[in-house]
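What follows is one structure encoded as structure tokens, with my remarks underneath.
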Amino acid sequence: MKTLKTFSLFLVLSWTPIFLGAQQVERDEEGFPTFSYAEGDTVYQMKQYYLVMLYRGEDEAREKSEEDAATIQAAHLAHIQKMAEAGVLSIAGPMGDQSALRGIFIFNLPEKEDVEAWVSGDPAVKSGRLSAEIHSWWAAKGSRLP
């Protein structure tokens with residue numbers, strides 16, 4: 001039964017644009033957009049997060065010394081640590097293949113402008129090594145990876 005509920009929630013999240021049109025989106029006590037979704041005897045409190053997809057930047061293709069690349073990467077990792085310590089970054093990680101999509105961030109911030117400020121401060125983005133695409137993303141409040 002748990003698999004069916006999880007799958008059903010996945011379907012709801014997959015159709016978020018249609019689904020949200022029928023829901024009353026409000027702000028919680030921390031200012032996050034939220035809404036409730038009832039599925040049988042379970043009520044999901046949905047919360048908006050921001051998903052950032054990091055792509056190869058235009059400057060990544062340019063010749064850089066290994067030392068320059070290592071310096072940028074170290075600064076990028078330090079920035080990720082800073083965002084995590086500030087409590088604004090819920091999860092971050094690289095992709096496991098060599099596609100143009102290099103990694104993701106999921107931010108726990110209520111406003112897109114705040115996400116943009118953190119992302120634009122990333123040394124890898126500033127250097128052009130990475131480019132970022134920001135999307136609002138809904139998940140059940142309190143969701144976490146096992």
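Each chain of the structure tokens is named A, B, ... in the order shown, its residues numbered from 1; ligands are numbered from 1 in display order.
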
Query - Selection: 12 Å around A:Asp114, only C-alpha atoms, excl. self and same-chain fewer than 6 positions, as JSON, numbers by chain - result: {"A": [49, 50, 83, 88, 89, 107, 108, 120, 121, 134]}

Selection from above, all heavy atoms, as an mmCIF file, in the first residue's frame, can you write it?
```cif
data_model
loop_
_atom_site.group_PDB
_atom_site.id
_atom_site.type_symbol
_atom_site.label_atom_id
_atom_site.label_comp_id
_atom_site.auth_asym_id
_atom_site.auth_seq_id
_atom_site.Cartn_x
_atom_site.Cartn_y
_atom_site.Cartn_z
ATOM 1 N N TYR A 49 9.984 24.554 -2.834
ATOM 2 C CA TYR A 49 11.439 24.682 -2.726
ATOM 3 C C TYR A 49 11.924 25.234 -4.070
ATOM 4 O O TYR A 49 11.137 25.479 -4.969
ATOM 5 C CB TYR A 49 12.089 23.320 -2.463
ATOM 6 C CG TYR A 49 11.657 22.684 -1.166
ATOM 7 C CD1 TYR A 49 10.507 21.892 -1.100
ATOM 8 C CD2 TYR A 49 12.396 22.854 -0.014
ATOM 9 C CE1 TYR A 49 10.110 21.306 0.085
ATOM 10 C CE2 TYR A 49 12.001 22.260 1.183
ATOM 11 C CZ TYR A 49 10.856 21.490 1.223
ATOM 12 O OH TYR A 49 10.461 20.905 2.397
ATOM 13 N N TYR A 50 13.226 25.401 -4.216
ATOM 14 C CA TYR A 50 13.786 25.788 -5.508
ATOM 15 C C TYR A 50 14.848 24.784 -5.919
ATOM 16 O O TYR A 50 15.767 24.486 -5.157
ATOM 17 C CB TYR A 50 14.370 27.206 -5.465
ATOM 18 C CG TYR A 50 13.278 28.231 -5.520
ATOM 19 C CD1 TYR A 50 12.735 28.756 -4.355
ATOM 20 C CD2 TYR A 50 12.742 28.632 -6.731
ATOM 21 C CE1 TYR A 50 11.692 29.669 -4.400
ATOM 22 C CE2 TYR A 50 11.699 29.540 -6.783
ATOM 23 C CZ TYR A 50 11.184 30.057 -5.622
ATOM 24 O OH TYR A 50 10.148 30.948 -5.669
ATOM 25 N N MET A 83 26.575 27.631 2.095
ATOM 26 C CA MET A 83 25.117 27.620 1.931
ATOM 27 C C MET A 83 24.475 26.595 2.853
ATOM 28 O O MET A 83 23.425 26.862 3.451
ATOM 29 C CB MET A 83 24.749 27.343 0.460
ATOM 30 C CG MET A 83 25.154 28.463 -0.477
ATOM 31 S SD MET A 83 24.578 28.243 -2.188
ATOM 32 C CE MET A 83 25.440 26.777 -2.726
ATOM 33 N N VAL A 88 20.285 27.271 4.047
ATOM 34 C CA VAL A 88 19.478 27.589 2.865
ATOM 35 C C VAL A 88 19.519 26.481 1.811
ATOM 36 O O VAL A 88 18.672 26.440 0.931
ATOM 37 C CB VAL A 88 19.908 28.938 2.229
ATOM 38 C CG1 VAL A 88 19.742 30.062 3.227
ATOM 39 C CG2 VAL A 88 21.327 28.896 1.694
ATOM 40 N N LEU A 89 20.487 25.599 1.902
ATOM 41 C CA LEU A 89 20.664 24.528 0.918
ATOM 42 C C LEU A 89 20.293 23.203 1.561
ATOM 43 O O LEU A 89 20.884 22.804 2.567
ATOM 44 C CB LEU A 89 22.120 24.500 0.438
ATOM 45 C CG LEU A 89 22.438 23.559 -0.696
ATOM 46 C CD1 LEU A 89 21.699 23.957 -1.974
ATOM 47 C CD2 LEU A 89 23.942 23.554 -0.956
ATOM 48 N N PHE A 107 17.169 24.323 -2.796
ATOM 49 C CA PHE A 107 17.188 25.384 -1.792
ATOM 50 C C PHE A 107 15.927 25.386 -0.953
ATOM 51 O O PHE A 107 14.830 25.198 -1.466
ATOM 52 C CB PHE A 107 17.314 26.754 -2.471
ATOM 53 C CG PHE A 107 18.712 27.097 -2.872
ATOM 54 C CD1 PHE A 107 19.200 26.735 -4.113
ATOM 55 C CD2 PHE A 107 19.541 27.783 -2.008
ATOM 56 C CE1 PHE A 107 20.492 27.050 -4.492
ATOM 57 C CE2 PHE A 107 20.831 28.108 -2.369
ATOM 58 C CZ PHE A 107 21.314 27.741 -3.617
ATOM 59 N N ASN A 108 16.109 25.662 0.310
ATOM 60 C CA ASN A 108 15.031 25.799 1.273
ATOM 61 C C ASN A 108 14.876 27.294 1.573
ATOM 62 O O ASN A 108 15.214 27.764 2.658
ATOM 63 C CB ASN A 108 15.384 25.002 2.540
ATOM 64 C CG ASN A 108 14.251 24.962 3.530
ATOM 65 O OD1 ASN A 108 13.096 25.172 3.188
ATOM 66 N ND2 ASN A 108 14.587 24.696 4.774
ATOM 67 N N SER A 120 24.295 33.159 -7.808
ATOM 68 C CA SER A 120 25.192 34.071 -8.522
ATOM 69 C C SER A 120 26.488 34.311 -7.753
ATOM 70 O O SER A 120 27.486 34.727 -8.334
ATOM 71 C CB SER A 120 24.489 35.402 -8.828
ATOM 72 O OG SER A 120 24.221 36.096 -7.625
ATOM 73 N N GLY A 121 26.489 34.025 -6.450
ATOM 74 C CA GLY A 121 27.700 34.147 -5.647
ATOM 75 C C GLY A 121 28.607 32.929 -5.712
ATOM 76 O O GLY A 121 29.718 32.946 -5.174
ATOM 77 N N ILE A 134 17.051 27.960 -12.623
ATOM 78 C CA ILE A 134 16.319 27.891 -11.361
ATOM 79 C C ILE A 134 14.844 27.621 -11.627
ATOM 80 O O ILE A 134 14.226 28.282 -12.455
ATOM 81 C CB ILE A 134 16.483 29.207 -10.568
ATOM 82 C CG1 ILE A 134 17.968 29.475 -10.293
ATOM 83 C CG2 ILE A 134 15.683 29.168 -9.271
ATOM 84 C CD1 ILE A 134 18.252 30.842 -9.703
#
```

Need to verify the contact set: stretch 72-77 of chain A, 6 Å, only C-alpha atoms, exclusion of same-chain residues closer than 2 positions in sequence. Can you return it as an mmCIF file with all heavy atoms, in the first residue's frame?
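See selection-v5.cif below for the written result:
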```
data_model
loop_
_atom_site.group_PDB
_atom_site.id
_atom_site.type_symbol
_atom_site.label_atom_id
_atom_site.label_comp_id
_atom_site.auth_asym_id
_atom_site.auth_seq_id
_atom_site.Cartn_x
_atom_site.Cartn_y
_atom_site.Cartn_z
ATOM 1 N N ALA A 69 41.386 25.340 -12.642
ATOM 2 C CA ALA A 69 40.183 24.526 -12.488
ATOM 3 C C ALA A 69 40.062 24.029 -11.048
ATOM 4 O O ALA A 69 38.972 24.052 -10.462
ATOM 5 C CB ALA A 69 40.202 23.355 -13.465
ATOM 6 N N ALA A 70 41.171 23.604 -10.458
ATOM 7 C CA ALA A 70 41.153 23.110 -9.080
ATOM 8 C C ALA A 70 40.814 24.241 -8.105
ATOM 9 O O ALA A 70 40.081 24.020 -7.124
ATOM 10 C CB ALA A 70 42.503 22.488 -8.727
ATOM 11 N N HIS A 79 31.718 27.238 -1.161
ATOM 12 C CA HIS A 79 30.455 27.983 -1.249
ATOM 13 C C HIS A 79 29.270 27.062 -0.919
ATOM 14 O O HIS A 79 28.340 27.477 -0.218
ATOM 15 C CB HIS A 79 30.299 28.601 -2.638
ATOM 16 C CG HIS A 79 29.129 29.507 -2.769
ATOM 17 N ND1 HIS A 79 29.060 30.729 -2.141
ATOM 18 C CD2 HIS A 79 27.966 29.376 -3.439
ATOM 19 C CE1 HIS A 79 27.903 31.306 -2.424
ATOM 20 N NE2 HIS A 79 27.219 30.500 -3.218
ATOM 21 N N ILE A 80 29.313 25.831 -1.389
ATOM 22 C CA ILE A 80 28.267 24.859 -1.064
ATOM 23 C C ILE A 80 28.227 24.649 0.450
ATOM 24 O O ILE A 80 27.150 24.652 1.056
ATOM 25 C CB ILE A 80 28.495 23.520 -1.804
ATOM 26 C CG1 ILE A 80 28.273 23.698 -3.305
ATOM 27 C CG2 ILE A 80 27.592 22.424 -1.247
ATOM 28 C CD1 ILE A 80 28.676 22.501 -4.146
ATOM 29 N N ASP A 122 28.162 31.874 -6.369
ATOM 30 C CA ASP A 122 28.970 30.655 -6.486
ATOM 31 C C ASP A 122 30.156 30.935 -7.411
ATOM 32 O O ASP A 122 29.972 31.363 -8.557
ATOM 33 C CB ASP A 122 28.111 29.520 -7.054
ATOM 34 C CG ASP A 122 28.836 28.189 -7.072
ATOM 35 O OD1 ASP A 122 30.002 28.133 -7.528
ATOM 36 O OD2 ASP A 122 28.232 27.200 -6.641
ATOM 37 N N PRO A 123 31.384 30.698 -6.949
ATOM 38 C CA PRO A 123 32.568 30.968 -7.776
ATOM 39 C C PRO A 123 32.570 30.242 -9.126
ATOM 40 O O PRO A 123 33.070 30.781 -10.113
ATOM 41 C CB PRO A 123 33.732 30.502 -6.899
ATOM 42 C CG PRO A 123 33.213 30.659 -5.504
ATOM 43 C CD PRO A 123 31.756 30.297 -5.593
ATOM 44 N N ALA A 124 31.992 29.045 -9.199
ATOM 45 C CA ALA A 124 31.954 28.316 -10.472
ATOM 46 C C ALA A 124 30.982 28.975 -11.445
ATOM 47 O O ALA A 124 31.205 28.969 -12.652
ATOM 48 C CB ALA A 124 31.581 26.853 -10.243
#
```

Report task. Write out as a PyMOL selection string each polymer residue whose atoms come within 9 Å of A:Ala139, counting only C-alpha atoms; drop sequence neighbours fewer than 3 positions from it. Result -> chain A and resi 13+45-49+142-143

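Closest approach to A:Arg144 from the set A:Ala38, A:Ile106, A:Leu101, A:Ala78 is made by A:Ile106, with distances taken over only C-alpha atoms.
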
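Between atom CA of A:Ser136 and atom CA of A:Glu58 the interatomic distance comes to 24.4 Å.
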
Query - Minimum-distance residue to A:Trp138, chosen among A:Gly87, A:Trp118, A:Phe35, A:Glu26 (using only C-alpha atoms) - result: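 Among A:Gly87, A:Trp118, A:Phe35, A:Glu26, it is A:Phe35 that comes nearest to A:Trp138.
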